[in-house]
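Here is the structure we will look at.
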Amino acid sequence: MRIKHLFVLVAIVVSSLLIPGNLSECIAIDSSCVIYLPFTGNANDESGNEHHGVVTGAALAADRHGNSNSAYYFDGSSYITVEAGDSILNVDTAGFTLSFWVKPDEHQDERAAPLISYGYGSSGGYGIAYWQQYGMFRTSFYDYSWTGIYVAVDELDDHIWYMYTITYDGHLLKEYVNGVFINQSAGPYHPALPTGTYKLRIGADSRYTNQFFKGYIDDIQMYKRVFTDLEIAHLSGLSGAIRATQLNAYSLTDFELGILKPAKFSNFWAVWGNHGNAYTEIVENPVKSGFNTSDFVGVSHTFPSLGLPNTTDCDKSEYVLTSADGLVTDQHHIMKWKLLIPDASILNIESIVWNWMSFNQIHTGASKYPPPGVPGDPDPSIAYGGGIFNDLVKSGSHPDDSSMYNFRVRAVPDEALIPFQIDIGTWMSFTYEVFWTKSRTGFWRLWKNGELLASADDVKTLPDSYNPEEDDFLHFKTGLYNKWHDPDIERISLYFDDMELYIGNDIRVVDVCPECQGTGRIEPLIPIINYLLGWR
């Protein structure tokens, strides 16, 4: 036992050395750092290599943490020049990492505003630009004929601080935003020629200095090695990026940056709502304690007093993460999310309302199916095939307790109602594990606040009507539905946070939810193993 504990301690110490906790530690132990411009009062290089920046018009400004004189603002005619040898400024094909923080202004004078530039389109080198029209960051490796390779990420429309990072290993050019891998492209790097011609420009183009960026730039770092995904996540300092990378999340939303966009999403995300009658927004956490001490959270609102909208038969305000392309049938999924109901008034609404209010939906495909025990054609009034729905049907087993409701697990004939108690004014944490299948090798488990509410083994988790060729996708969403008009109810709100989706056989509940009880069982692996071996 002592040997085991010693091994764990050594592993923790080694990993803490390999993964930089902050920039100063990284610089101290990483000899591959060739340029480090933290912009703390000046544009000096603090890597020890003295590749200092020369400021032309750029003004010191507050950084992303609010520290004054700790970033530079570029006004559309200013820039910083770094003069160093070509061997330093060119991409090292044996290994290269370049990272910086940037906050674009809402309006740019250039179609492609240069952020960092070295070389020219027909002379080799590289350029990183911000395209305002698309909310896009794009890195281009120039060749000698205006072609070359590039990577780009768009729909970054929030004018906030982003950490943008690229790496190159001699074959793959990769890009990361806020510590999370986004995209890659394969191809060669062509050094800038003639040698000694170009300088590294920050906020302007390298050759003519006649195109400029408007906005803030900070913490520029250049390394002669390729950082790993986890190192880049730690470099960002963002807990969502670190958790998503460590656990290989398929999608993860934590609202850490105060925006709706997920920290990581692998397929699709959306905010669905009726705007005037229902909408979703990001707000400060109203109850910063217990299961959730985050600064920012999501909240869905519906407004029963406004009446039903003309465009749909119900008001809805929901946040959606989606997986697709064959990632449902015979797949192991784990989902985690947090909810907050701020006051008890929501519990006193007439029971008919709960039939049309959904706190959570995890549903697969678009297949309809008949009610339990009813043969014949699918019933269109039953929403979607399979999944777990928290439709807040009052728990018949607790008629005198208005805070008792049911999760509803759907997969005819293996449908189940799971009673649980709503906690008012405090965050609730839910974890759901499922093996999706139409055969009786499926299982599911549901936890609330780490306590196992219910589980089932050797059951169907997809209905017979489920068609993977047409419906092999999953919506994981939270929010509010209602289908009624009540002039006495001005607004109903539901707060939510930390929506996480994991797919695959390697992830375990104990990794996603260490506090969850009853996770040390071997039974959940049996249907997966049997399926992989063909023993169904």
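For the structure tokens, the naming scheme is as follows: chains receive sequential letters (A, B, ...) according to their order of presentation, residues are indexed from 1 within each chain, and ligands are indexed from 1 in presentation order.
For Thr197 in chain A, the residues within 10 Å (counting only C-alpha atoms, excluding itself and residues fewer than 5 positions away along the chain) are Gly85, Asp86, Tyr118, Gly119, Ser123, Ala192, Ser206 and Arg207 of chain A.
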**Item:** Gly203 in chain A surroundings by only C-alpha atoms, 8 Å radius, close-in-sequence under 4 positions cut, as a ChimeraX atom specification
**Value:** /A:74,78-80,113-116,212-214
**Request:** Would you mind listing what lies within 12 Å of Pro104 in chain A as a VMD selection string, with only C-alpha atoms counted and same-chain residues fewer than 6 positions away left out?
**Result:** chain A and resid 72 to 76 112 to 115 129 to 132 135 to 137 156 to 163 203 212 to 218
Restricting the output to N, CA and C atoms, write the selected residues as a compact mmCIF listing (two decimals), in the first residue's frame.
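Dumped to out-v3.txt:
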# COMPACT_ATOMS: atom_id res chain seq x y z
N TYR A 72 -1.73 45.16 -24.80
CA TYR A 72 -1.63 46.29 -25.72
C TYR A 72 -2.91 46.39 -26.56
N TYR A 73 -3.32 47.67 -26.76
CA TYR A 73 -4.45 47.94 -27.63
C TYR A 73 -3.94 48.49 -28.96
N PHE A 74 -4.47 47.94 -30.05
CA PHE A 74 -4.08 48.34 -31.40
C PHE A 74 -5.28 49.06 -32.04
N ASP A 75 -5.06 50.30 -32.49
CA ASP A 75 -6.17 51.17 -32.89
C ASP A 75 -6.44 51.18 -34.39
N GLY A 76 -5.84 50.30 -35.14
CA GLY A 76 -6.06 50.28 -36.58
C GLY A 76 -4.98 50.98 -37.38
N ALA A 112 -9.38 40.99 -43.66
CA ALA A 112 -8.59 40.04 -42.88
C ALA A 112 -7.57 40.84 -42.09
N ALA A 113 -7.90 41.17 -40.85
CA ALA A 113 -7.04 42.02 -40.04
C ALA A 113 -5.88 41.20 -39.47
N PRO A 114 -4.63 41.59 -39.75
CA PRO A 114 -3.48 40.78 -39.31
C PRO A 114 -3.26 40.87 -37.80
N LEU A 115 -3.11 39.71 -37.19
CA LEU A 115 -2.81 39.62 -35.76
C LEU A 115 -1.31 39.43 -35.56
N ALA A 129 -4.73 35.91 -38.97
CA ALA A 129 -5.60 37.06 -39.19
C ALA A 129 -6.97 36.82 -38.58
N TYR A 130 -7.66 37.93 -38.31
CA TYR A 130 -9.04 37.89 -37.82
C TYR A 130 -9.96 38.42 -38.91
N TRP A 131 -10.95 37.59 -39.30
CA TRP A 131 -11.91 37.95 -40.33
C TRP A 131 -13.22 38.31 -39.64
N GLN A 132 -13.48 39.61 -39.55
CA GLN A 132 -14.65 40.07 -38.80
C GLN A 132 -15.96 39.54 -39.37
N GLY A 135 -16.40 36.14 -37.99
CA GLY A 135 -15.96 35.85 -36.63
C GLY A 135 -14.89 34.78 -36.64
N MET A 136 -13.92 34.91 -37.55
CA MET A 136 -12.99 33.81 -37.84
C MET A 136 -11.54 34.17 -37.54
N PHE A 137 -10.84 33.23 -36.92
CA PHE A 137 -9.39 33.28 -36.84
C PHE A 137 -8.84 32.30 -37.88
N LEU A 156 -16.90 32.82 -34.04
CA LEU A 156 -16.45 33.39 -32.77
C LEU A 156 -16.89 34.86 -32.76
N ASP A 157 -18.19 35.03 -32.59
CA ASP A 157 -18.80 36.34 -32.77
C ASP A 157 -18.84 37.18 -31.50
N ASP A 158 -18.56 36.58 -30.36
CA ASP A 158 -18.52 37.34 -29.12
C ASP A 158 -17.20 38.10 -29.05
N HIS A 159 -17.27 39.37 -28.76
CA HIS A 159 -16.05 40.20 -28.71
C HIS A 159 -15.48 40.15 -27.29
N ILE A 160 -14.86 39.00 -27.02
CA ILE A 160 -14.27 38.72 -25.71
C ILE A 160 -12.82 38.30 -25.92
N TRP A 161 -12.13 38.01 -24.82
CA TRP A 161 -10.77 37.49 -24.91
C TRP A 161 -10.80 36.03 -25.34
N TYR A 162 -9.98 35.70 -26.34
CA TYR A 162 -9.78 34.32 -26.78
C TYR A 162 -8.29 33.99 -26.69
N MET A 163 -7.97 32.76 -26.30
CA MET A 163 -6.60 32.28 -26.45
C MET A 163 -6.53 31.47 -27.73
N GLY A 203 -0.16 42.98 -34.97
CA GLY A 203 -1.16 43.99 -35.25
C GLY A 203 -1.08 44.59 -36.62
N PHE A 212 -4.01 46.66 -40.82
CA PHE A 212 -3.91 46.73 -39.37
C PHE A 212 -5.11 46.07 -38.68
N PHE A 213 -4.90 45.73 -37.43
CA PHE A 213 -5.90 45.10 -36.57
C PHE A 213 -6.38 46.12 -35.54
N LYS A 214 -7.66 46.00 -35.16
CA LYS A 214 -8.20 46.81 -34.07
C LYS A 214 -8.61 45.88 -32.93
N GLY A 215 -8.02 46.10 -31.77
CA GLY A 215 -8.36 45.28 -30.62
C GLY A 215 -7.17 45.08 -29.71
N TYR A 216 -7.27 44.11 -28.81
CA TYR A 216 -6.28 43.87 -27.77
C TYR A 216 -5.53 42.57 -28.03
N ILE A 217 -4.24 42.55 -27.72
CA ILE A 217 -3.41 41.34 -27.82
C ILE A 217 -2.55 41.25 -26.57
N ASP A 218 -2.31 40.03 -26.11
CA ASP A 218 -1.56 39.84 -24.87
C ASP A 218 -0.90 38.46 -24.85
**Message:** Quick one: residues within 6 Å of Ser236 in chain A, only C-alpha atoms, excluding same-chain residues fewer than 3 positions away - as a ChimeraX atom specification?
**Reply:** /A:178-179,233
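When only C-alpha atoms are used to compute distances to Asp315 in chain A, the closest of the residues A:Tyr481, A:Tyr495, A:Phe181, A:Tyr502 turns out to be A:Tyr481.
When only C-alpha atoms are used to compute distances to Ser455 in chain A, the closest of the residues A:Leu474, A:Leu193, A:Ile220, A:Ala416 turns out to be A:Ala416.
By chain and then residue number, the residues within 10 Å of Gln246 in chain A are Asp229, Leu230, Ala233, Gly240, Ala241, Ile242, Arg243, Ala244, Asn248, Ala249 and Asp511 of chain A, counting only C-alpha atoms and disregarding those fewer than 2 positions away in sequence.
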Give me a file of those residues, with N, CA and C atoms, as a short mmCIF file (atom, residue, chain, number, x, y, z; two decimals), in the first residue's frame.
data_model
loop_
_atom_site.label_atom_id
_atom_site.label_comp_id
_atom_site.auth_asym_id
_atom_site.auth_seq_id
_atom_site.Cartn_x
_atom_site.Cartn_y
_atom_site.Cartn_z
N ASP A 229 -2.06 18.41 -26.30
CA ASP A 229 -3.39 18.98 -26.08
C ASP A 229 -3.59 19.39 -24.63
N LEU A 230 -3.13 18.54 -23.71
CA LEU A 230 -3.33 18.83 -22.29
C LEU A 230 -2.47 20.01 -21.84
N ALA A 233 -4.32 23.05 -22.93
CA ALA A 233 -5.47 23.29 -22.04
C ALA A 233 -5.02 23.95 -20.76
N GLY A 240 -12.79 24.44 -17.91
CA GLY A 240 -13.55 23.65 -18.86
C GLY A 240 -12.67 23.00 -19.90
N ALA A 241 -11.67 23.74 -20.40
CA ALA A 241 -10.75 23.17 -21.38
C ALA A 241 -9.94 22.04 -20.76
N ILE A 242 -9.49 22.23 -19.53
CA ILE A 242 -8.69 21.20 -18.87
C ILE A 242 -9.52 19.94 -18.64
N ARG A 243 -10.75 20.12 -18.14
CA ARG A 243 -11.59 18.95 -17.86
C ARG A 243 -11.97 18.24 -19.16
N ALA A 244 -12.34 19.01 -20.19
CA ALA A 244 -12.75 18.41 -21.46
C ALA A 244 -11.60 17.62 -22.08
N ASN A 248 -11.51 13.68 -22.19
CA ASN A 248 -11.89 13.47 -23.58
C ASN A 248 -13.39 13.60 -23.77
N ALA A 249 -13.95 14.70 -23.28
CA ALA A 249 -15.38 14.95 -23.42
C ALA A 249 -15.75 15.10 -24.89
N ASP A 511 -14.91 8.70 -13.12
CA ASP A 511 -14.07 9.77 -13.66
C ASP A 511 -14.88 11.07 -13.81
#
**Item:** All residues 8 Å or closer to Asp497 in chain A, only C-alpha atoms, same chain fewer than 2 positions away omitted, as a ChimeraX atom specification
**Value:** /A:253-255,297-298,337-339,495,499
Emit the selected residues as a compact mmCIF listing (two decimals), in the first residue's frame, including N, CA and C atoms.
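As written to disk, selection12.txt reads:
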# COMPACT_ATOMS: atom_id res chain seq x y z
N THR A 253 -20.08 22.17 -21.79
CA THR A 253 -20.48 23.57 -21.65
C THR A 253 -20.39 23.96 -20.20
N ASP A 254 -19.61 25.01 -19.89
CA ASP A 254 -19.54 25.48 -18.51
C ASP A 254 -19.71 26.99 -18.36
N PHE A 255 -19.87 27.71 -19.46
CA PHE A 255 -20.13 29.16 -19.45
C PHE A 255 -19.05 29.95 -18.71
N VAL A 297 -23.50 31.16 -15.22
CA VAL A 297 -24.37 30.01 -15.48
C VAL A 297 -25.39 30.41 -16.54
N GLY A 298 -26.05 29.41 -17.10
CA GLY A 298 -27.14 29.66 -18.03
C GLY A 298 -28.47 29.70 -17.30
N TRP A 337 -25.08 17.12 -15.66
CA TRP A 337 -25.59 18.48 -15.73
C TRP A 337 -26.01 18.94 -14.33
N LYS A 338 -26.17 20.25 -14.18
CA LYS A 338 -26.55 20.84 -12.90
C LYS A 338 -27.74 21.77 -13.11
N LEU A 339 -28.66 21.75 -12.13
CA LEU A 339 -29.87 22.57 -12.20
C LEU A 339 -30.07 23.32 -10.90
N TYR A 495 -32.16 27.70 -13.81
CA TYR A 495 -30.72 27.90 -14.00
C TYR A 495 -30.06 26.54 -14.27
N MET A 499 -22.99 21.25 -18.47
CA MET A 499 -23.54 20.16 -19.27
C MET A 499 -22.38 19.42 -19.94
**Request:** Looking only at helix (DSSP H, G or I) from DSSP on the backbone, list the matching residues of range 419-496 of chain A as a list in words.
**Result:** Pro468, Glu469, Glu470 and Asp471 of chain A
**Request:** Find the residues near Arg445 in chain A: any atom within 8 Å, counting only C-alpha atoms, skip ones fewer than 3 places away on the same chain, and give them as a PyMOL selection string.
**Result:** chain A and resi 432-434+452-456
**Request:** Would you please work out which residue, of A:Ile424, A:Ile166, A:Thr40, A:Leu252, is nearest to Ser239 in chain A when using only C-alpha atoms?
**Result:** A:Leu252
Could you give me, as a PDB file with C-alpha atoms, in the first residue's frame, each residue of range 400-473 of chain A that DSSP assigns to strand (DSSP E or B) when run on this structure's backbone?
ATOM      1  CA  MET A 404     -41.641  15.046  -5.697  1.00  0.00           C
ATOM      2  CA  TYR A 405     -41.484  14.515  -9.439  1.00  0.00           C
ATOM      3  CA  ASN A 406     -40.442  11.808 -11.876  1.00  0.00           C
ATOM      4  CA  PHE A 407     -37.759  11.279 -14.412  1.00  0.00           C
ATOM      5  CA  ARG A 408     -39.245   9.256 -17.228  1.00  0.00           C
ATOM      6  CA  VAL A 409     -37.006   6.712 -18.965  1.00  0.00           C
ATOM      7  CA  ARG A 410     -38.505   5.767 -22.320  1.00  0.00           C
ATOM      8  CA  ALA A 416     -39.691   3.508 -16.088  1.00  0.00           C
ATOM      9  CA  LEU A 417     -40.619   6.392 -13.806  1.00  0.00           C
ATOM     10  CA  ILE A 418     -37.967   7.462 -11.298  1.00  0.00           C
ATOM     11  CA  PRO A 419     -39.199   9.648  -8.424  1.00  0.00           C
ATOM     12  CA  PHE A 420     -36.891  12.318  -7.101  1.00  0.00           C
ATOM     13  CA  GLN A 421     -37.199  15.381  -4.900  1.00  0.00           C
ATOM     14  CA  ILE A 424     -35.241  24.560  -3.876  1.00  0.00           C
ATOM     15  CA  MET A 428     -28.645  19.873  -7.920  1.00  0.00           C
ATOM     16  CA  SER A 429     -26.159  17.696  -9.815  1.00  0.00           C
ATOM     17  CA  PHE A 430     -27.334  14.860 -12.081  1.00  0.00           C
ATOM     18  CA  THR A 431     -25.371  12.105 -13.821  1.00  0.00           C
ATOM     19  CA  TYR A 432     -26.840   9.622 -16.279  1.00  0.00           C
ATOM     20  CA  GLU A 433     -25.074   6.574 -17.716  1.00  0.00           C
ATOM     21  CA  VAL A 434     -26.627   4.511 -20.481  1.00  0.00           C
ATOM     22  CA  PHE A 435     -25.800   1.854 -23.038  1.00  0.00           C
ATOM     23  CA  TRP A 436     -28.082   2.589 -26.001  1.00  0.00           C
ATOM     24  CA  GLY A 442     -28.747  -2.302 -22.343  1.00  0.00           C
ATOM     25  CA  PHE A 443     -28.456  -0.632 -18.963  1.00  0.00           C
ATOM     26  CA  TRP A 444     -28.904   2.787 -17.412  1.00  0.00           C
ATOM     27  CA  ARG A 445     -28.113   4.469 -14.105  1.00  0.00           C
ATOM     28  CA  LEU A 446     -29.209   7.827 -12.739  1.00  0.00           C
ATOM     29  CA  TRP A 447     -27.594   9.784  -9.895  1.00  0.00           C
ATOM     30  CA  LYS A 448     -28.686  12.934  -8.109  1.00  0.00           C
ATOM     31  CA  GLU A 451     -26.707   9.310  -4.798  1.00  0.00           C
ATOM     32  CA  LEU A 452     -27.871   6.521  -7.077  1.00  0.00           C
ATOM     33  CA  LEU A 453     -31.601   7.108  -7.682  1.00  0.00           C
ATOM     34  CA  ALA A 454     -32.278   4.075  -9.855  1.00  0.00           C
ATOM     35  CA  SER A 455     -30.693   1.654 -12.286  1.00  0.00           C
ATOM     36  CA  ALA A 456     -31.670  -1.101 -14.684  1.00  0.00           C
ATOM     37  CA  ASP A 457     -29.736  -3.905 -16.356  1.00  0.00           C
ATOM     38  CA  ASP A 458     -30.534  -6.184 -19.289  1.00  0.00           C
ATOM     39  CA  VAL A 459     -33.124  -3.796 -20.700  1.00  0.00           C
TER      40      VAL A 459
END
**Counting only C-alpha atoms, the option among A:Leu327, A:Ile182, A:Leu260, A:Leu247 closest to Asp506 in chain A** = A:Leu247
**Message:** Would you compute the distance between CA of Ser117 in chain A and CA of Arg138 in chain A? Give it in Å to one decimal.
**Reply:** 11.6 Å
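If you look at CA of Asp401 in chain A and CA of Ser345 in chain A, they are 13.9 Å away from each other.
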